[in-house]
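Engineer: Structure incoming, see below.
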Amino acid sequence: MSALLILCLAFDLSAIRQEPNAEKRSELAIDNAMVAMNAARDASVANDFAKMKDSLEEVGQSAELCWQSLKDSGKNARKSPGRFKRAELKTRELMRRLDGLEQAVDSSERDVIIGVRERVSKVHDDLIQEIMRKK
């Protein structure tokens with residue numbers, strides 16, 4: 001996916017939700033989560049808590065949209081795991097990055113990060129279960 005497309009769609013979940021292809025929508029959503037995570041990190045460095053909070057909310061919503069889109073695709077994760085596995089790897093990376101961000105901010109700002117990490121962790125767990133599920 002081109003970086004320009006990601007930048008054009010960054011922070012515009014309504015445009016991503018309009019994508020008719022559920023598999024493509026899931027990829028756009030997880031890519032948007034990564035862009036939003038970068039923005040949250042940058043806002044943290046700039047000590048802009050409000051922007052960081054908004055960016056983190058975007059991370060959580062994007063991860064959840066990715067999971068919902070994969071479910072809507074009707075694909076079996078065991079038979080065609082490609083998009084599911086990519087989403088699982090990206091959510092694992094998001095959790096790792098959220099852990100790092102949590103360590104870098106003051107304790108008063110950690111509650112927001114912890115809440116988003118729990119949402120992303122739930123999506124990650126659901127993806128793992130879907131990939132590993134028996135018939």
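Residues in the structure tokens are named by chain (A, B, ... in the order shown) and by number from 1 within that chain; ligands are numbered from 1 in the order shown.
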Give me, as a tab-separated table, each residue of region 85-122 of chain A that comes within 8 Å of region 40-62 of chain A, together with its shortest interatomic pair and the distance in Å at one decimal, counting only C-alpha atoms, with rows ordered by chain and rising residue number.

Structural biologist:
residue	atom	partner	partner_atom	distance
A:Leu101	CA	A:Arg41	CA	6.8
A:Val105	CA	A:Ser44	CA	7.2
A:Glu109	CA	A:Phe49	CA	7.6
A:Val112	CA	A:Lys53	CA	6.8
A:Ile113	CA	A:Leu56	CA	7.1
A:Val116	CA	A:Gly60	CA	5.5
A:Arg117	CA	A:Gly60	CA	7.8
A:Arg119	CA	A:Gly60	CA	6.1
A:Val120	CA	A:Gly60	CA	6.1

Engineer: Kindly assemble as a tab-separated table a list of the region 67-111 of chain A residues that lie within 8 Å of region 22-31 of chain A, each paired with its nearest atom pair and their distance in Å to one decimal, using only C-alpha atoms, sorted first by chain and then by ascending residue number.

Structural biologist:
residue	atom	partner	partner_atom	distance
A:Trp67	CA	A:Ser26	CA	6.9
A:Gln68	CA	A:Ser26	CA	7.8
A:Ser69	CA	A:Ala22	CA	5.0
A:Leu70	CA	A:Glu23	CA	6.0
A:Asp72	CA	A:Ala22	CA	6.3
A:Ser73	CA	A:Ala22	CA	5.1
A:Arg83	CA	A:Glu23	CA	7.2
A:Ala87	CA	A:Ile30	CA	6.7
A:Lys90	CA	A:Ile30	CA	7.1
A:Thr91	CA	A:Ile30	CA	7.9

Engineer: Atoms to include: N, CA and C atoms. Write the selected residues as a tab-separated table (two decimals), in the first residue's frame.

Structural biologist:
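result-v5.tsv was written with the following content:
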chain	number	residue	atom	x	y	z
A	67	TRP	N	-10.80	-5.73	12.84
A	67	TRP	CA	-11.35	-7.02	13.25
A	67	TRP	C	-12.77	-7.21	12.71
A	68	GLN	N	-13.61	-6.19	12.83
A	68	GLN	CA	-14.98	-6.29	12.35
A	68	GLN	C	-15.01	-6.51	10.84
A	69	SER	N	-14.13	-5.86	10.12
A	69	SER	CA	-14.08	-6.01	8.66
A	69	SER	C	-13.65	-7.42	8.27
A	70	LEU	N	-12.70	-7.98	9.01
A	70	LEU	CA	-12.29	-9.35	8.72
A	70	LEU	C	-13.44	-10.33	8.99
A	72	ASP	N	-16.59	-9.56	8.75
A	72	ASP	CA	-17.58	-9.29	7.71
A	72	ASP	C	-17.19	-9.89	6.36
A	73	SER	N	-15.90	-10.13	6.17
A	73	SER	CA	-15.45	-10.68	4.89
A	73	SER	C	-15.97	-12.09	4.65
A	83	ARG	N	-4.67	-12.34	5.57
A	83	ARG	CA	-5.10	-11.04	6.13
A	83	ARG	C	-5.26	-11.11	7.64
A	87	ALA	N	-3.04	-8.87	10.28
A	87	ALA	CA	-3.69	-8.07	11.32
A	87	ALA	C	-3.20	-8.48	12.71
A	90	LYS	N	0.26	-6.99	13.20
A	90	LYS	CA	0.19	-5.53	13.40
A	90	LYS	C	-0.39	-5.18	14.78
A	91	THR	N	-1.39	-5.93	15.24
A	91	THR	CA	-1.93	-5.63	16.56
A	91	THR	C	-0.91	-5.97	17.64

Engineer: Check region 6-56 of chain A with DSSP on the backbone and list each residue it calls alpha helix (DSSP H), as a VMD selection string.

Structural biologist: chain A and resid 6 to 9 13 to 17 22 to 45 49 to 56

Engineer: At a cut-off of 10 Å, using only C-alpha atoms, what residues contact Leu127 (chain A)? Leave out same-chain residues fewer than 4 positions from it and give the result as a ChimeraX atom specification.

Structural biologist: /A:67,70-71,77,84-89,91,121-123,131-133

Engineer: What would the file look like if the residues just selected were written as a CSV table (one decimal), in the first residue's frame with N, CA and C atoms?

Structural biologist:
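The file below, again_7.csv, is the result:
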chain,number,residue,atom,x,y,z
A,67,TRP,N,-10.8,-5.7,12.8
A,67,TRP,CA,-11.4,-7.0,13.3
A,67,TRP,C,-12.8,-7.2,12.7
A,70,LEU,N,-12.7,-8.0,9.0
A,70,LEU,CA,-12.3,-9.3,8.7
A,70,LEU,C,-13.4,-10.3,9.0
A,71,LYS,N,-14.2,-10.1,10.0
A,71,LYS,CA,-15.4,-11.0,10.3
A,71,LYS,C,-16.4,-10.8,9.2
A,77,ALA,N,-10.4,-18.0,8.5
A,77,ALA,CA,-9.0,-17.7,8.9
A,77,ALA,C,-8.1,-18.9,8.8
A,84,PHE,N,-5.7,-12.3,8.1
A,84,PHE,CA,-5.9,-12.4,9.6
A,84,PHE,C,-4.5,-12.4,10.3
A,85,LYS,N,-3.5,-13.1,9.7
A,85,LYS,CA,-2.2,-13.1,10.2
A,85,LYS,C,-1.5,-11.8,10.2
A,86,ARG,N,-1.7,-11.0,9.1
A,86,ARG,CA,-1.1,-9.7,9.0
A,86,ARG,C,-1.7,-8.8,10.1
A,87,ALA,N,-3.0,-8.9,10.3
A,87,ALA,CA,-3.7,-8.1,11.3
A,87,ALA,C,-3.2,-8.5,12.7
A,88,GLU,N,-3.0,-9.8,12.9
A,88,GLU,CA,-2.5,-10.3,14.2
A,88,GLU,C,-1.1,-9.7,14.5
A,89,LEU,N,-0.2,-9.7,13.5
A,89,LEU,CA,1.1,-9.2,13.6
A,89,LEU,C,1.1,-7.7,13.9
A,91,THR,N,-1.4,-5.9,15.2
A,91,THR,CA,-1.9,-5.6,16.6
A,91,THR,C,-0.9,-6.0,17.6
A,121,SER,N,-5.6,-5.4,22.6
A,121,SER,CA,-5.3,-6.7,23.1
A,121,SER,C,-6.5,-7.7,22.9
A,122,LYS,N,-7.7,-7.2,23.1
A,122,LYS,CA,-8.9,-7.9,22.8
A,122,LYS,C,-9.0,-8.3,21.3
A,123,VAL,N,-8.7,-7.3,20.5
A,123,VAL,CA,-8.7,-7.6,19.0
A,123,VAL,C,-7.7,-8.7,18.7
A,131,ILE,N,-7.8,-17.6,14.1
A,131,ILE,CA,-6.7,-18.3,13.3
A,131,ILE,C,-6.6,-19.8,13.8
A,132,MET,N,-6.6,-20.0,15.1
A,132,MET,CA,-6.4,-21.3,15.7
A,132,MET,C,-7.6,-22.1,15.9
A,133,ARG,N,-8.8,-21.6,15.6
A,133,ARG,CA,-10.0,-22.3,15.9
A,133,ARG,C,-10.2,-23.5,15.0

Engineer: Using CA of Lys79 (chain A) and CA of Ile128 (chain A) as the two end points, give the distance in Å to one decimal.

Structural biologist: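 Atom-to-atom, CA of Lys79 (chain A) to CA of Ile128 (chain A), that is 14.1 Å.
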
Engineer: From the options A:Asp99, A:Glu93, A:Asp126, A:Glu19, which residue's atoms come nearest to Ile114 (chain A), counting only C-alpha atoms?

Structural biologist: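 Of A:Asp99, A:Glu93, A:Asp126, A:Glu19, the one nearest Ile114 (chain A) is A:Asp99, counting only C-alpha atoms.
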
Engineer: Smallest atom-to-atom distance to Met95 (chain A): which of A:Pro20, A:Gly74, A:Pro81, A:Gly115, using only C-alpha atoms?

Structural biologist: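 Of A:Pro20, A:Gly74, A:Pro81, A:Gly115, the one nearest Met95 (chain A), counting only C-alpha atoms, is A:Gly115.
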
Engineer: Could you state the separation of CA of Asp106 (chain A) and CA of Arg92 (chain A) in Å, given to one decimal place?

Structural biologist: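 Interatomic distance, CA of Asp106 (chain A) to CA of Arg92 (chain A): 23.4 Å.
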
Engineer: With distances taken over only C-alpha atoms, which of A:Leu98, A:Ser14, A:Ser107, A:Ser80 is nearest to Glu130 (chain A)?

Structural biologist: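 Going through A:Leu98, A:Ser14, A:Ser107, A:Ser80 one by one, the smallest distance to Glu130 (chain A) is for A:Ser80.
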
Engineer: Mind pulling up the distance from CA of Ala39 (chain A) to CA of Asp125 (chain A)?

Structural biologist: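 We find that CA of Asp125 (chain A) and CA of Ala39 (chain A) lie 24.7 Å from each other.
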